Amino acid sequence: MSDHYSEADLQKEITELETKSATAARLFDIRRIIGGLFVVYGVIVMIAGFTASDADIDKAEGVNINLWTGLGMLILGLLFLLWLWLRPTAPPPPDTVPDDQDTSAP
(Lines give C-alpha, C1' and ligand atoms only; values in the text may rest on other atoms or scores of the structure.)
Protein backbone atom coordinates (compact mmCIF):
# COMPACT_ATOMS: atom_id res chain seq x y z
CA MET A 1 0.00 0.00 0.00
CA SER A 2 1.40 3.36 -0.97
CA ASP A 3 1.53 6.34 1.41
CA HIS A 4 1.43 8.72 -1.55
CA TYR A 5 -1.63 10.97 -1.81
CA SER A 6 -2.96 12.12 -5.12
CA GLU A 7 -3.70 15.80 -5.65
CA ALA A 8 -7.46 15.10 -5.57
CA ASP A 9 -7.17 13.26 -2.24
CA LEU A 10 -5.17 16.11 -0.76
CA GLN A 11 -7.68 18.72 -1.96
CA LYS A 12 -10.55 16.65 -0.54
CA GLU A 13 -8.83 16.41 2.85
CA ILE A 14 -8.10 20.15 2.91
CA THR A 15 -11.74 20.93 2.07
CA GLU A 16 -12.96 18.66 4.88
CA LEU A 17 -10.60 20.31 7.39
CA GLU A 18 -11.72 23.80 6.33
CA THR A 19 -15.36 22.77 6.77
CA LYS A 20 -14.65 21.38 10.25
CA SER A 21 -12.75 24.54 11.17
CA ALA A 22 -15.61 26.80 10.06
CA THR A 23 -18.10 24.66 11.98
CA ALA A 24 -15.97 24.87 15.13
CA ALA A 25 -15.66 28.65 14.75
CA ARG A 26 -19.44 29.02 14.52
CA LEU A 27 -19.97 26.64 17.45
CA PHE A 28 -17.72 28.64 19.78
CA ASP A 29 -18.91 32.07 18.67
CA ILE A 30 -18.90 34.27 21.79
CA ARG A 31 -22.37 35.59 20.97
CA ARG A 32 -23.78 32.05 21.28
CA ILE A 33 -22.11 31.50 24.64
CA ILE A 34 -23.09 34.88 26.13
CA GLY A 35 -26.62 34.73 24.74
CA GLY A 36 -27.18 31.20 26.00
CA LEU A 37 -25.92 32.02 29.48
CA PHE A 38 -28.06 35.16 29.72
CA VAL A 39 -31.16 33.22 28.62
CA VAL A 40 -30.56 30.44 31.17
CA TYR A 41 -29.77 32.83 34.04
CA GLY A 42 -32.65 35.10 33.04
CA VAL A 43 -35.12 32.22 33.27
CA ILE A 44 -33.71 31.19 36.66
CA VAL A 45 -33.92 34.73 38.05
CA MET A 46 -37.44 35.18 36.64
CA ILE A 47 -38.55 31.99 38.42
CA ALA A 48 -37.10 33.44 41.62
CA GLY A 49 -39.11 36.60 40.90
CA PHE A 50 -42.34 34.66 40.42
CA THR A 51 -41.84 32.86 43.73
CA ALA A 52 -40.76 35.96 45.70
CA SER A 53 -42.46 36.50 49.03
CA ASP A 54 -44.04 39.74 50.15
CA ALA A 55 -41.11 40.27 52.53
CA ASP A 56 -38.65 40.06 49.62
CA ILE A 57 -40.65 42.59 47.61
CA ASP A 58 -40.95 44.93 50.63
CA LYS A 59 -37.18 44.67 51.14
CA ALA A 60 -36.73 46.00 47.60
CA GLU A 61 -39.08 48.92 48.27
CA GLY A 62 -42.06 47.36 46.53
CA VAL A 63 -40.28 46.36 43.32
CA ASN A 64 -40.03 42.71 42.32
CA ILE A 65 -36.37 43.15 41.36
CA ASN A 66 -35.79 39.49 40.50
CA LEU A 67 -38.63 39.49 38.02
CA TRP A 68 -37.46 42.69 36.27
CA THR A 69 -33.78 41.68 36.29
CA GLY A 70 -34.63 38.22 34.96
CA LEU A 71 -36.74 39.73 32.21
CA GLY A 72 -33.90 42.08 31.25
CA MET A 73 -31.39 39.22 31.20
CA LEU A 74 -33.74 37.09 29.10
CA ILE A 75 -34.26 39.89 26.57
CA LEU A 76 -30.51 40.57 26.37
CA GLY A 77 -29.75 36.89 25.82
CA LEU A 78 -32.38 36.64 23.11
CA LEU A 79 -30.93 39.74 21.41
CA PHE A 80 -27.49 38.12 21.35
CA LEU A 81 -28.95 34.96 19.81
CA LEU A 82 -30.95 37.02 17.29
CA TRP A 83 -27.77 38.88 16.35
CA LEU A 84 -26.02 35.54 15.83
CA TRP A 85 -28.88 34.31 13.66
CA LEU A 86 -29.11 37.47 11.55
CA ARG A 87 -25.35 37.94 11.04
CA PRO A 88 -23.62 34.56 11.25
CA THR A 89 -19.86 34.33 11.41
CA ALA A 90 -18.29 34.29 7.97
CA PRO A 91 -15.71 31.55 7.48
CA PRO A 92 -12.16 32.83 7.17
CA PRO A 93 -10.88 33.09 3.61
CA PRO A 94 -8.60 30.23 2.60
CA ASP A 95 -4.91 31.00 2.63
CA THR A 96 -4.00 30.46 -0.99
CA VAL A 97 -0.59 30.99 -2.51
CA PRO A 98 -0.33 31.45 -6.27
CA ASP A 99 1.43 28.62 -8.06
CA ASP A 100 4.23 30.86 -9.29
CA GLN A 101 5.36 31.86 -5.77
CA ASP A 102 7.82 29.76 -3.83
CA THR A 103 6.78 29.11 -0.22
CA SER A 104 10.22 27.95 0.92
CA ALA A 105 12.54 30.16 2.95
CA PRO A 106 15.03 32.32 0.99
# chains A, B, ... in the order shown; residues from 1 in each chain; ligands from 1
>>> residues_around(residues="Val63 (chain A)", least_positions_apart="6", cutoff="12 Å", atoms="only C-alpha atoms", output="NGL selection string")
:A and (49 or 52-57 or 69)
>>> write_last_selection(atoms="all heavy atoms", output="PDB file, in the first residue's frame")
ATOM      1  N   GLY A  49     -38.224  35.449  40.798  1.00  0.00           N
ATOM      2  CA  GLY A  49     -39.114  36.600  40.901  1.00  0.00           C
ATOM      3  C   GLY A  49     -40.572  36.203  41.029  1.00  0.00           C
ATOM      4  O   GLY A  49     -41.337  36.830  41.764  1.00  0.00           O
ATOM      5  N   ALA A  52     -41.202  35.038  44.643  1.00  0.00           N
ATOM      6  CA  ALA A  52     -40.763  35.958  45.701  1.00  0.00           C
ATOM      7  C   ALA A  52     -41.886  36.178  46.720  1.00  0.00           C
ATOM      8  O   ALA A  52     -43.052  36.274  46.369  1.00  0.00           O
ATOM      9  CB  ALA A  52     -40.340  37.288  45.103  1.00  0.00           C
ATOM     10  N   SER A  53     -41.483  36.249  47.963  1.00  0.00           N
ATOM     11  CA  SER A  53     -42.457  36.500  49.026  1.00  0.00           C
ATOM     12  C   SER A  53     -42.712  38.000  49.166  1.00  0.00           C
ATOM     13  O   SER A  53     -41.986  38.826  48.606  1.00  0.00           O
ATOM     14  CB  SER A  53     -41.948  35.929  50.341  1.00  0.00           C
ATOM     15  OG  SER A  53     -40.806  36.643  50.764  1.00  0.00           O
ATOM     16  N   ASP A  54     -43.740  38.328  49.916  1.00  0.00           N
ATOM     17  CA  ASP A  54     -44.044  39.741  50.152  1.00  0.00           C
ATOM     18  C   ASP A  54     -42.910  40.429  50.911  1.00  0.00           C
ATOM     19  O   ASP A  54     -42.639  41.608  50.681  1.00  0.00           O
ATOM     20  CB  ASP A  54     -45.355  39.878  50.938  1.00  0.00           C
ATOM     21  CG  ASP A  54     -46.557  39.509  50.081  1.00  0.00           C
ATOM     22  OD1 ASP A  54     -46.431  39.606  48.844  1.00  0.00           O
ATOM     23  OD2 ASP A  54     -47.601  39.136  50.650  1.00  0.00           O
ATOM     24  N   ALA A  55     -42.231  39.688  51.780  1.00  0.00           N
ATOM     25  CA  ALA A  55     -41.114  40.269  52.534  1.00  0.00           C
ATOM     26  C   ALA A  55     -39.958  40.626  51.594  1.00  0.00           C
ATOM     27  O   ALA A  55     -39.302  41.653  51.777  1.00  0.00           O
ATOM     28  CB  ALA A  55     -40.642  39.289  53.603  1.00  0.00           C
ATOM     29  N   ASP A  56     -39.717  39.777  50.597  1.00  0.00           N
ATOM     30  CA  ASP A  56     -38.652  40.063  49.623  1.00  0.00           C
ATOM     31  C   ASP A  56     -38.986  41.310  48.810  1.00  0.00           C
ATOM     32  O   ASP A  56     -38.115  42.140  48.538  1.00  0.00           O
ATOM     33  CB  ASP A  56     -38.451  38.881  48.678  1.00  0.00           C
ATOM     34  CG  ASP A  56     -37.849  37.658  49.366  1.00  0.00           C
ATOM     35  OD1 ASP A  56     -37.172  37.851  50.401  1.00  0.00           O
ATOM     36  OD2 ASP A  56     -38.062  36.533  48.869  1.00  0.00           O
ATOM     37  N   ILE A  57     -40.228  41.430  48.414  1.00  0.00           N
ATOM     38  CA  ILE A  57     -40.647  42.591  47.615  1.00  0.00           C
ATOM     39  C   ILE A  57     -40.602  43.862  48.465  1.00  0.00           C
ATOM     40  O   ILE A  57     -40.171  44.922  47.998  1.00  0.00           O
ATOM     41  CB  ILE A  57     -42.040  42.351  47.014  1.00  0.00           C
ATOM     42  CG1 ILE A  57     -41.960  41.199  46.005  1.00  0.00           C
ATOM     43  CG2 ILE A  57     -42.569  43.606  46.332  1.00  0.00           C
ATOM     44  CD1 ILE A  57     -43.293  40.736  45.456  1.00  0.00           C
ATOM     45  N   THR A  69     -35.159  42.001  36.693  1.00  0.00           N
ATOM     46  CA  THR A  69     -33.785  41.679  36.289  1.00  0.00           C
ATOM     47  C   THR A  69     -33.764  40.441  35.400  1.00  0.00           C
ATOM     48  O   THR A  69     -33.050  40.389  34.391  1.00  0.00           O
ATOM     49  CB  THR A  69     -32.890  41.465  37.524  1.00  0.00           C
ATOM     50  OG1 THR A  69     -32.954  42.628  38.335  1.00  0.00           O
ATOM     51  CG2 THR A  69     -31.457  41.181  37.131  1.00  0.00           C
TER      52      THR A  69
END
>>> atom_distance(atom1="CA of Leu67 (chain A)", atom2="CA of Arg32 (chain A)")
23.6 Å
>>> atom_distance(atom1="CA of Trp68 (chain A)", atom2="CA of Val40 (chain A)")
15.0 Å
>>> residues_around(residues="Leu84 (chain A)", least_positions_apart="3", cutoff="10 Å", atoms="only C-alpha atoms", output="VMD selection string")
chain A and resid 26 29 to 32 35 78 to 81 87 to 89
>>> write_last_selection(atoms="N, CA, C and O atoms", output="mmCIF file, in the first residue's frame")
data_model
loop_
_atom_site.group_PDB
_atom_site.id
_atom_site.type_symbol
_atom_site.label_atom_id
_atom_site.label_comp_id
_atom_site.auth_asym_id
_atom_site.auth_seq_id
_atom_site.Cartn_x
_atom_site.Cartn_y
_atom_site.Cartn_z
ATOM 1 N N ARG A 26 -18.047 28.621 14.270
ATOM 2 C CA ARG A 26 -19.438 29.016 14.518
ATOM 3 C C ARG A 26 -19.948 28.461 15.840
ATOM 4 O O ARG A 26 -20.735 29.102 16.519
ATOM 5 N N ASP A 29 -18.715 30.631 18.825
ATOM 6 C CA ASP A 29 -18.906 32.071 18.673
ATOM 7 C C ASP A 29 -19.312 32.635 20.033
ATOM 8 O O ASP A 29 -20.193 32.109 20.705
ATOM 9 N N ILE A 30 -18.680 33.708 20.457
ATOM 10 C CA ILE A 30 -18.896 34.270 21.788
ATOM 11 C C ILE A 30 -20.335 34.746 21.961
ATOM 12 O O ILE A 30 -20.877 34.716 23.070
ATOM 13 N N ARG A 31 -20.983 35.152 20.877
ATOM 14 C CA ARG A 31 -22.375 35.585 20.973
ATOM 15 C C ARG A 31 -23.287 34.434 21.385
ATOM 16 O O ARG A 31 -24.247 34.629 22.136
ATOM 17 N N ARG A 32 -22.991 33.231 20.918
ATOM 18 C CA ARG A 32 -23.784 32.055 21.283
ATOM 19 C C ARG A 32 -23.599 31.738 22.761
ATOM 20 O O ARG A 32 -24.574 31.447 23.471
ATOM 21 N N GLY A 35 -25.172 34.753 24.877
ATOM 22 C CA GLY A 35 -26.624 34.729 24.738
ATOM 23 C C GLY A 35 -27.253 33.552 25.454
ATOM 24 O O GLY A 35 -28.264 33.701 26.145
ATOM 25 N N LEU A 78 -31.694 36.873 24.379
ATOM 26 C CA LEU A 78 -32.381 36.643 23.107
ATOM 27 C C LEU A 78 -31.880 37.590 22.021
ATOM 28 O O LEU A 78 -31.796 37.205 20.846
ATOM 29 N N LEU A 79 -31.512 38.819 22.401
ATOM 30 C CA LEU A 79 -30.935 39.743 21.414
ATOM 31 C C LEU A 79 -29.583 39.246 20.902
ATOM 32 O O LEU A 79 -29.286 39.366 19.711
ATOM 33 N N PHE A 80 -28.771 38.692 21.793
ATOM 34 C CA PHE A 80 -27.486 38.121 21.351
ATOM 35 C C PHE A 80 -27.720 36.966 20.387
ATOM 36 O O PHE A 80 -27.039 36.854 19.363
ATOM 37 N N LEU A 81 -28.672 36.094 20.688
ATOM 38 C CA LEU A 81 -28.948 34.962 19.808
ATOM 39 C C LEU A 81 -29.565 35.410 18.487
ATOM 40 O O LEU A 81 -29.277 34.830 17.438
ATOM 41 N N ARG A 87 -26.676 37.696 11.610
ATOM 42 C CA ARG A 87 -25.351 37.940 11.044
ATOM 43 C C ARG A 87 -24.389 36.849 11.478
ATOM 44 O O ARG A 87 -23.576 37.036 12.371
ATOM 45 N N PRO A 88 -24.486 35.670 10.851
ATOM 46 C CA PRO A 88 -23.616 34.562 11.251
ATOM 47 C C PRO A 88 -22.154 34.865 10.928
ATOM 48 O O PRO A 88 -21.834 35.720 10.106
ATOM 49 N N THR A 89 -21.293 34.155 11.600
ATOM 50 C CA THR A 89 -19.861 34.325 11.411
ATOM 51 C C THR A 89 -19.466 33.835 10.023
ATOM 52 O O THR A 89 -19.799 32.719 9.634
#
>>> atom_distance(atom1="CA of Ala60 (chain A)", atom2="CA of Ile47 (chain A)")
16.9 Å
>>> select_by_dssp(residues="region 17-92 of chain A", states="alpha helix (DSSP H)", output="ChimeraX atom specification")
/A:17-27,30-50,54-59,65-86
